[in-house]
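Asker: So that you have it, the file is model_17.pdb, and it contains PDB, C-alpha atoms:
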ATOM      1  CA  MET A   1     -11.993  -8.869   4.894  1.00  0.00           C
ATOM      2  CA  VAL A   2     -14.513 -10.644   7.098  1.00  0.00           C
ATOM      3  CA  ALA A   3     -17.281  -9.749   4.649  1.00  0.00           C
ATOM      4  CA  ALA A   4     -15.306 -11.413   1.856  1.00  0.00           C
ATOM      5  CA  LEU A   5     -14.950 -14.596   3.902  1.00  0.00           C
ATOM      6  CA  ARG A   6     -18.680 -14.653   4.583  1.00  0.00           C
ATOM      7  CA  ALA A   7     -19.260 -14.238   0.838  1.00  0.00           C
ATOM      8  CA  GLY A   8     -17.290 -17.384   0.037  1.00  0.00           C
ATOM      9  CA  ALA A   9     -13.650 -16.363  -0.077  1.00  0.00           C
ATOM     10  CA  PHE A  10     -11.055 -18.062   2.090  1.00  0.00           C
ATOM     11  CA  LEU A  11      -7.560 -17.373   3.358  1.00  0.00           C
ATOM     12  CA  GLY A  12      -4.521 -19.041   1.880  1.00  0.00           C
ATOM     13  CA  CYS A  13      -0.793 -18.763   2.396  1.00  0.00           C
ATOM     14  CA  ARG A  14       2.576 -20.263   1.671  1.00  0.00           C
ATOM     15  CA  PRO A  15       4.694 -21.432   4.633  1.00  0.00           C
ATOM     16  CA  GLY A  16       6.238 -18.327   6.168  1.00  0.00           C
ATOM     17  CA  GLY A  17       4.538 -16.050   3.638  1.00  0.00           C
ATOM     18  CA  VAL A  18       1.792 -13.472   3.766  1.00  0.00           C
ATOM     19  CA  VAL A  19      -1.871 -14.445   3.984  1.00  0.00           C
ATOM     20  CA  HIS A  20      -3.889 -13.931   0.797  1.00  0.00           C
ATOM     21  CA  VAL A  21      -7.632 -13.591   0.346  1.00  0.00           C
ATOM     22  CA  VAL A  22      -8.461 -16.275  -2.195  1.00  0.00           C
ATOM     23  CA  THR A  23     -11.499 -16.507  -4.448  1.00  0.00           C
ATOM     24  CA  GLY A  24     -12.309 -19.874  -5.922  1.00  0.00           C
ATOM     25  CA  ALA A  25     -12.507 -23.305  -4.378  1.00  0.00           C
ATOM     26  CA  ALA A  26     -10.487 -25.570  -2.159  1.00  0.00           C
ATOM     27  CA  THR A  27      -9.551 -29.159  -2.898  1.00  0.00           C
ATOM     28  CA  ALA A  28     -11.687 -32.022  -1.625  1.00  0.00           C
ATOM     29  CA  SER A  29      -9.481 -32.330   1.451  1.00  0.00           C
ATOM     30  CA  GLY A  30      -9.991 -28.646   2.233  1.00  0.00           C
ATOM     31  CA  ARG A  31      -6.274 -28.187   2.824  1.00  0.00           C
ATOM     32  CA  TRP A  32      -5.236 -26.550  -0.452  1.00  0.00           C
ATOM     33  CA  ALA A  33      -6.567 -24.010  -2.920  1.00  0.00           C
ATOM     34  CA  THR A  34      -7.361 -25.406  -6.353  1.00  0.00           C
ATOM     35  CA  VAL A  35      -5.225 -24.489  -9.345  1.00  0.00           C
ATOM     36  CA  SER A  36      -7.958 -22.227 -10.717  1.00  0.00           C
ATOM     37  CA  SER A  37      -8.231 -20.228  -7.486  1.00  0.00           C
ATOM     38  CA  ARG A  38      -6.588 -16.827  -7.411  1.00  0.00           C
ATOM     39  CA  PRO A  39      -5.687 -14.335  -4.679  1.00  0.00           C
ATOM     40  CA  ALA A  40      -7.557 -11.037  -4.735  1.00  0.00           C
ATOM     41  CA  CYS A  41      -4.277  -9.271  -5.502  1.00  0.00           C
ATOM     42  CA  GLY A  42      -3.985 -11.225  -8.768  1.00  0.00           C
ATOM     43  CA  VAL A  43      -0.430 -12.390  -8.145  1.00  0.00           C
ATOM     44  CA  ARG A  44       0.530 -15.807  -9.449  1.00  0.00           C
ATOM     45  CA  THR A  45       1.866 -17.992  -6.706  1.00  0.00           C
ATOM     46  CA  ARG A  46       2.428 -21.628  -5.969  1.00  0.00           C
ATOM     47  CA  ARG A  47      -0.427 -23.609  -4.498  1.00  0.00           C
ATOM     48  CA  LEU A  48      -1.685 -21.996  -1.336  1.00  0.00           C
ATOM     49  CA  ALA A  49      -2.499 -23.803   1.879  1.00  0.00           C
ATOM     50  CA  VAL A  50      -5.955 -23.011   3.232  1.00  0.00           C
ATOM     51  CA  VAL A  51      -5.954 -21.283   6.617  1.00  0.00           C
ATOM     52  CA  PRO A  52      -8.461 -23.107   8.875  1.00  0.00           C
ATOM     53  CA  SER A  53     -11.532 -20.964   9.460  1.00  0.00           C
ATOM     54  CA  THR A  54     -13.343 -22.942  12.135  1.00  0.00           C
ATOM     55  CA  GLY A  55     -13.851 -20.648  15.110  1.00  0.00           C
ATOM     56  CA  PRO A  56     -11.614 -17.598  15.623  1.00  0.00           C
ATOM     57  CA  ILE A  57      -8.979 -17.481  12.883  1.00  0.00           C
ATOM     58  CA  ASP A  58      -5.452 -17.272  14.280  1.00  0.00           C
ATOM     59  CA  LEU A  59      -2.829 -16.113  11.780  1.00  0.00           C
ATOM     60  CA  HIS A  60       0.016 -16.971  14.198  1.00  0.00           C
ATOM     61  CA  GLY A  61       1.710 -13.625  13.637  1.00  0.00           C
ATOM     62  CA  ALA A  62       1.468 -13.654   9.837  1.00  0.00           C
ATOM     63  CA  ARG A  63       0.253 -10.513   8.095  1.00  0.00           C
ATOM     64  CA  PHE A  64      -2.231 -10.064   5.296  1.00  0.00           C
ATOM     65  CA  CYS A  65      -1.106  -9.353   1.771  1.00  0.00           C
ATOM     66  CA  ARG A  66      -1.407  -5.590   1.420  1.00  0.00           C
ATOM     67  CA  ARG A  67      -2.286  -5.831  -2.244  1.00  0.00           C
ATOM     68  CA  CYS A  68      -5.141  -8.208  -1.420  1.00  0.00           C
ATOM     69  CA  THR A  69      -6.593  -5.867   1.174  1.00  0.00           C
ATOM     70  CA  ARG A  70      -6.109  -2.880  -1.137  1.00  0.00           C
ATOM     71  CA  HIS A  71      -7.803  -4.458  -4.154  1.00  0.00           C
ATOM     72  CA  LEU A  72     -10.512  -6.327  -2.273  1.00  0.00           C
ATOM     73  CA  PRO A  73     -13.922  -4.752  -3.038  1.00  0.00           C
ATOM     74  CA  PRO A  74     -16.435  -4.127  -0.244  1.00  0.00           C
ATOM     75  CA  VAL A  75     -18.416  -7.108  -1.545  1.00  0.00           C
ATOM     76  CA  LEU A  76     -17.100  -9.885  -3.764  1.00  0.00           C
ATOM     77  CA  GLY A  77     -18.190  -9.281  -7.329  1.00  0.00           C
ATOM     78  CA  ARG A  78     -18.655  -5.555  -6.781  1.00  0.00           C
ATOM     79  CA  THR A  79     -16.763  -3.326  -9.204  1.00  0.00           C
ATOM     80  CA  THR A  80     -16.969   0.034  -7.448  1.00  0.00           C
ATOM     81  CA  ALA A  81     -13.956   1.119  -5.469  1.00  0.00           C
ATOM     82  CA  GLY A  82     -15.752   2.219  -2.343  1.00  0.00           C
ATOM     83  CA  LEU A  83     -18.959   2.989  -0.531  1.00  0.00           C
ATOM     84  CA  VAL A  84     -20.324   6.513  -0.520  1.00  0.00           C
ATOM     85  CA  SER A  85     -22.972   6.880   2.177  1.00  0.00           C
ATOM     86  CA  ARG A  86     -23.605   5.532   5.654  1.00  0.00           C
ATOM     87  CA  ASP A  87     -26.781   3.837   4.448  1.00  0.00           C
ATOM     88  CA  GLU A  88     -24.929   2.083   1.640  1.00  0.00           C
ATOM     89  CA  THR A  89     -22.216   0.922   4.014  1.00  0.00           C
ATOM     90  CA  ALA A  90     -24.767  -0.350   6.522  1.00  0.00           C
ATOM     91  CA  ALA A  91     -26.674  -2.213   3.796  1.00  0.00           C
ATOM     92  CA  VAL A  92     -23.563  -3.856   2.365  1.00  0.00           C
ATOM     93  CA  TYR A  93     -22.252  -5.090   5.709  1.00  0.00           C
ATOM     94  CA  ALA A  94     -25.620  -5.712   7.377  1.00  0.00           C
ATOM     95  CA  ASP A  95     -25.008  -9.462   7.688  1.00  0.00           C
ATOM     96  CA  LEU A  96     -21.844  -9.073   9.775  1.00  0.00           C
ATOM     97  CA  THR A  97     -22.364 -10.410  13.279  1.00  0.00           C
ATOM     98  CA  LEU A  98     -20.676  -9.251  16.454  1.00  0.00           C
ATOM     99  CA  ASP A  99     -18.424 -12.309  16.245  1.00  0.00           C
ATOM    100  CA  ASP A 100     -17.411 -11.260  12.723  1.00  0.00           C
ATOM    101  CA  LEU A 101     -16.527  -7.786  13.951  1.00  0.00           C
ATOM    102  CA  ARG A 102     -14.603  -9.231  16.879  1.00  0.00           C
ATOM    103  CA  GLN A 103     -12.553 -11.272  14.389  1.00  0.00           C
ATOM    104  CA  ALA A 104     -11.933  -8.169  12.278  1.00  0.00           C
ATOM    105  CA  LEU A 105     -10.830  -6.300  15.389  1.00  0.00           C
ATOM    106  CA  ALA A 106      -8.310  -9.035  16.187  1.00  0.00           C
ATOM    107  CA  TRP A 107      -6.857  -8.578  12.690  1.00  0.00           C
ATOM    108  CA  ALA A 108      -6.644  -4.782  12.938  1.00  0.00           C
ATOM    109  CA  ARG A 109      -3.037  -3.607  12.770  1.00  0.00           C
ATOM    110  CA  THR A 110      -3.552   0.165  12.662  1.00  0.00           C
ATOM    111  CA  VAL A 111      -5.636   2.711  14.535  1.00  0.00           C
ATOM    112  CA  ASP A 112      -7.638   3.435  11.377  1.00  0.00           C
ATOM    113  CA  GLU A 113      -8.518  -0.241  10.937  1.00  0.00           C
ATOM    114  CA  ALA A 114      -9.692  -0.531  14.534  1.00  0.00           C
ATOM    115  CA  HIS A 115     -11.729   2.657  14.134  1.00  0.00           C
ATOM    116  CA  GLY A 116     -13.286   1.117  11.023  1.00  0.00           C
ATOM    117  CA  VAL A 117     -14.449  -1.890  13.027  1.00  0.00           C
ATOM    118  CA  GLY A 118     -15.957   0.382  15.657  1.00  0.00           C
ATOM    119  CA  TYR A 119     -17.694   2.405  12.944  1.00  0.00           C
ATOM    120  CA  LEU A 120     -19.262  -0.710  11.417  1.00  0.00           C
ATOM    121  CA  ALA A 121     -20.361  -1.930  14.844  1.00  0.00           C
ATOM    122  CA  LEU A 122     -22.128   1.388  15.404  1.00  0.00           C
ATOM    123  CA  LEU A 123     -23.820   1.336  11.995  1.00  0.00           C
ATOM    124  CA  ILE A 124     -24.938  -2.287  12.083  1.00  0.00           C
ATOM    125  CA  HIS A 125     -25.623  -2.993  15.745  1.00  0.00           C
ATOM    126  CA  GLY A 126     -26.252   0.470  17.133  1.00  0.00           C
ATOM    127  CA  PRO A 127     -24.519   2.275  19.995  1.00  0.00           C
ATOM    128  CA  ALA A 128     -23.054   0.263  22.841  1.00  0.00           C
ATOM    129  CA  PRO A 129     -24.513   0.546  26.359  1.00  0.00           C
ATOM    130  CA  LEU A 130     -22.760   3.076  28.573  1.00  0.00           C
ATOM    131  CA  HIS A 131     -22.522   0.575  31.428  1.00  0.00           C
ATOM    132  CA  ARG A 132     -22.160  -3.189  31.569  1.00  0.00           C
ATOM    133  CA  PRO A 133     -25.679  -4.508  30.894  1.00  0.00           C
ATOM    134  CA  THR A 134     -27.361  -7.416  32.620  1.00  0.00           C
ATOM    135  CA  ASP A 135     -29.179  -8.409  29.443  1.00  0.00           C
ATOM    136  CA  PRO A 136     -27.090 -11.101  27.664  1.00  0.00           C
ATOM    137  CA  ALA A 137     -28.330  -9.830  24.303  1.00  0.00           C
ATOM    138  CA  ARG A 138     -26.694  -6.440  24.932  1.00  0.00           C
ATOM    139  CA  LEU A 139     -23.663  -7.770  26.765  1.00  0.00           C
ATOM    140  CA  ALA A 140     -21.950  -8.919  23.551  1.00  0.00           C
ATOM    141  CA  ARG A 141     -22.211  -5.390  22.112  1.00  0.00           C
ATOM    142  CA  TRP A 142     -20.748  -3.902  25.287  1.00  0.00           C
ATOM    143  CA  ASP A 143     -17.916  -6.453  25.232  1.00  0.00           C
ATOM    144  CA  LEU A 144     -17.066  -5.533  21.633  1.00  0.00           C
ATOM    145  CA  GLU A 145     -16.985  -1.830  22.484  1.00  0.00           C
ATOM    146  CA  THR A 146     -14.697  -2.515  25.434  1.00  0.00           C
ATOM    147  CA  ALA A 147     -12.417  -4.656  23.258  1.00  0.00           C
ATOM    148  CA  THR A 148     -12.338  -1.927  20.594  1.00  0.00           C
ATOM    149  CA  ARG A 149     -11.235   0.712  23.086  1.00  0.00           C
ATOM    150  CA  ASP A 150      -8.569  -1.599  24.475  1.00  0.00           C
ATOM    151  CA  ARG A 151      -7.332  -2.412  20.959  1.00  0.00           C
ATOM    152  CA  LEU A 152      -7.166   1.275  20.064  1.00  0.00           C
ATOM    153  CA  ARG A 153      -5.175   2.021  23.201  1.00  0.00           C
ATOM    154  CA  ARG A 154      -2.683  -0.741  22.388  1.00  0.00           C
ATOM    155  CA  LEU A 155      -2.328   0.314  18.758  1.00  0.00           C
ATOM    156  CA  ARG A 156      -1.808   3.964  19.677  1.00  0.00           C
ATOM    157  CA  HIS A 157       0.885   2.950  22.141  1.00  0.00           C
ATOM    158  CA  ALA A 158       2.552   0.670  19.585  1.00  0.00           C
ATOM    159  CA  ALA A 159       2.664   3.532  17.069  1.00  0.00           C
ATOM    160  CA  LEU A 160       4.656   5.772  19.431  1.00  0.00           C
ATOM    161  CA  THR A 161       8.378   6.316  19.033  1.00  0.00           C
ATOM    162  CA  PRO A 162      10.660   5.384  21.967  1.00  0.00           C
ATOM    163  CA  GLU A 163      10.890   9.069  22.891  1.00  0.00           C
ATOM    164  CA  GLU A 164       7.103   9.458  22.808  1.00  0.00           C
ATOM    165  CA  ARG A 165       6.660   6.339  24.945  1.00  0.00           C
ATOM    166  CA  ALA A 166       9.101   7.687  27.521  1.00  0.00           C
ATOM    167  CA  GLN A 167       7.264  11.015  27.538  1.00  0.00           C
ATOM    168  CA  ALA A 168       3.901   9.256  27.904  1.00  0.00           C
ATOM    169  CA  ALA A 169       5.222   7.202  30.826  1.00  0.00           C
ATOM    170  CA  ASP A 170       6.553  10.363  32.477  1.00  0.00           C
ATOM    171  CA  ASP A 171       3.223  12.140  31.965  1.00  0.00           C
ATOM    172  CA  ALA A 172       1.354   9.175  33.460  1.00  0.00           C
ATOM    173  CA  ARG A 173       3.674   9.188  36.486  1.00  0.00           C
ATOM    174  CA  ARG A 174       3.147  12.916  37.017  1.00  0.00           C
ATOM    175  CA  GLN A 175      -0.622  12.533  36.716  1.00  0.00           C
ATOM    176  CA  ALA A 176      -0.599   9.712  39.272  1.00  0.00           C
ATOM    177  CA  GLU A 177       1.460  11.823  41.682  1.00  0.00           C
ATOM    178  CA  ASP A 178      -0.848  14.815  41.227  1.00  0.00           C
ATOM    179  CA  ALA A 179      -3.910  12.635  41.802  1.00  0.00           C
ATOM    180  CA  ALA A 180      -2.363  11.204  44.975  1.00  0.00           C
ATOM    181  CA  ARG A 181      -1.619  14.705  46.284  1.00  0.00           C
ATOM    182  CA  VAL A 182      -5.156  15.883  45.564  1.00  0.00           C
ATOM    183  CA  GLN A 183      -6.620  12.834  47.274  1.00  0.00           C
ATOM    184  CA  ALA A 184      -4.389  13.353  50.314  1.00  0.00           C
ATOM    185  CA  ALA A 185      -5.394  17.031  50.492  1.00  0.00           C
ATOM    186  CA  HIS A 186      -9.087  16.129  50.343  1.00  0.00           C
ATOM    187  CA  ALA A 187      -8.644  13.522  53.077  1.00  0.00           C
ATOM    188  CA  ARG A 188      -6.784  16.015  55.273  1.00  0.00           C
ATOM    189  CA  GLY A 189      -9.429  18.680  54.745  1.00  0.00           C
ATOM    190  CA  TYR A 190     -12.231  16.249  55.578  1.00  0.00           C
ATOM    191  CA  ARG A 191     -10.456  15.158  58.764  1.00  0.00           C
ATOM    192  CA  MET A 192      -9.819  18.739  59.867  1.00  0.00           C
ATOM    193  CA  ASP A 193     -13.481  19.603  59.301  1.00  0.00           C
ATOM    194  CA  ARG A 194     -14.507  16.725  61.562  1.00  0.00           C
ATOM    195  CA  ILE A 195     -12.014  17.768  64.256  1.00  0.00           C
ATOM    196  CA  THR A 196     -13.198  21.376  64.122  1.00  0.00           C
ATOM    197  CA  ASP A 197     -16.809  20.282  64.358  1.00  0.00           C
ATOM    198  CA  ARG A 198     -16.076  18.139  67.421  1.00  0.00           C
ATOM    199  CA  ARG A 199     -14.200  20.994  69.106  1.00  0.00           C
ATOM    200  CA  ASN A 200     -17.007  23.471  68.411  1.00  0.00           C
ATOM    201  CA  ARG A 201     -19.509  21.088  70.000  1.00  0.00           C
ATOM    202  CA  GLY A 202     -17.360  20.847  73.114  1.00  0.00           C
ATOM    203  CA  GLN A 203     -16.347  17.247  72.555  1.00  0.00           C
ATOM    204  CA  TYR A 204     -12.975  15.876  73.513  1.00  0.00           C
ATOM    205  CA  VAL A 205     -10.286  16.342  70.867  1.00  0.00           C
ATOM    206  CA  PRO A 206      -7.173  14.140  71.181  1.00  0.00           C
ATOM    207  CA  THR A 207      -3.751  15.767  71.319  1.00  0.00           C
ATOM    208  CA  TRP A 208      -2.724  14.530  67.878  1.00  0.00           C
ATOM    209  CA  ASP A 209      -5.873  16.018  66.379  1.00  0.00           C
ATOM    210  CA  ARG A 210      -5.218  19.363  68.111  1.00  0.00           C
ATOM    211  CA  ASP A 211      -1.692  19.283  66.700  1.00  0.00           C
ATOM    212  CA  LEU A 212      -3.162  18.758  63.236  1.00  0.00           C
ATOM    213  CA  LEU A 213      -5.226  21.934  63.573  1.00  0.00           C
ATOM    214  CA  ARG A 214      -2.099  23.933  64.412  1.00  0.00           C
ATOM    215  CA  THR A 215      -0.234  22.821  61.272  1.00  0.00           C
TER
END
The structure given in the file should be rewritten as structure tokens.
Answerer:
Amino acid sequence: MVAALRAGAFLGCRPGGVVHVVTGAATASGRWATVSSRPACGVRTRRLAVVPSTGPIDLHGARFCRRCTRHLPPVLGRTTAGLVSRDETAAVYADLTLDDLRQALAWARTVDEAHGVGYLALLIHGPAPLHRPTDPARLARWDLETATRDRLRRLRHAALTPEERAQAADDARRQAEDAARVQAAHARGYRMDRITDRRNRGQYVPTWDRDLLRT
């Protein structure tokens, strides 16, 4: 989708309708698609309003036309249905910037789509740093990776049924309780070791610490 926009396509929609990927030209005002312009899905529709594309594109809750996204080739003008190898994919999308991928991530509505953005980021810009870098040139890549993981977590949660969400919440509560018990046990063991060490060295041990050793 983002690659198509970089290749000259633009987004158009009817009020309250889905957002189409349009090939062609806009009117002189830039507000409407020309009569000769057509959506990628090929459907005939009334004149489409151009979605502003300055800065991050906000669809205001509208969804993309599924037929447009299904029929859109990897590159405008390309006739093949898909890309075969990693090298071919990397070559086709090599001009996508991190900002482009961030926009694509914001549009992702499924786990597979978000994974696709992460896959392209890995192919084009290499692996993300394991820790937050101090180099500004690498910070943008780390930020995208962090945003991708957060988006995946949200999409996975949104895909759960009410029963699965309740089960996940219960599992998270149990894990938090188990972690708290383990932490408390470690703290108690550490304190008892210190008390025992003080007693063995003949140092004074307060009454409440002696009581702890008896329990």
Asker: Could you name the residues that touch range 31-46 of chain A at 10 Å or less, counting only C-alpha atoms, but leaving out those on the same chain fewer than 3 positions away, as a ChimeraX atom specification?
Answerer: /A:9-14,19-28,49-52,65-73,76
Asker: I need the residue nearest His157 in chain A from this list: A:Val111, A:Leu98, A:Ala180, A:Ile57. Use all atoms listed in the file for the distance.
Answerer: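 Residue with the minimum atom-to-atom distance to His157 in chain A: A:Val111.
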Asker: To verify the selection step, state as a PyMOL selection string which residues the PyMOL selection byres ((chain A and resi 92-97) around 8) yields on this input.
Answerer: chain A and resi 2-3+74-75+88-91+98-101+120+124
Asker: What does the distance between CA of Arg214 in chain A and CA of Ala176 in chain A come to in Å, to one decimal place?
Answerer: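 Computing the Euclidean distance for CA of Arg214 in chain A and CA of Ala176 in chain A yields 28.9 Å.
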Asker: If I take CA of Ala169 in chain A and CA of Ala106 in chain A, how far is one from the other in Å, to one decimal?
Answerer: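 About the pair CA of Ala169 in chain A and CA of Ala106 in chain A: they are 25.7 Å apart.
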Asker: Return as a list in words the set of residues that the PyMOL selection byres ((chain A and resi 130) around 12) yields on the displayed structure.
Answerer: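 Output from the PyMOL selection byres ((chain A and resi 130) around 12), applied to this file: Pro127, Ala128, Pro129, His131, Arg132, Pro133, Arg138, Leu139, Arg141, Trp142, Asp143, Glu145 and Thr146 of chain A.
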Asker: Quick one, how far is CA of Ala62 in chain A from CA of Arg151 in chain A?
Answerer: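 Value for the CA of Ala62 in chain A-CA of Arg151 in chain A distance: 18.1 Å.
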Asker: Just checking: using all atoms listed in the file, which residue out of A:Thr196, A:Ala104, A:Arg109, A:Arg86 ends up closest to Ala158 in chain A?
Answerer: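 With all atoms listed in the file as the atom set, the closest residue is A:Arg109.
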Asker: Nearest to Arg199 in chain A: which of A:Leu213, A:Ala168, A:Ala108, A:Ala187 is it, counting all atoms listed in the file?
Answerer: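 Going through A:Leu213, A:Ala168, A:Ala108, A:Ala187 one by one, the smallest distance to Arg199 in chain A is for A:Leu213.
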Asker: Let me make sure I understand: among A:Ser53, A:Ser29, A:Thr161, A:Thr148, which one has the smallest atom-to-atom distance to Arg102 in chain A if we use only C-alpha atoms?
Answerer: A:Thr148
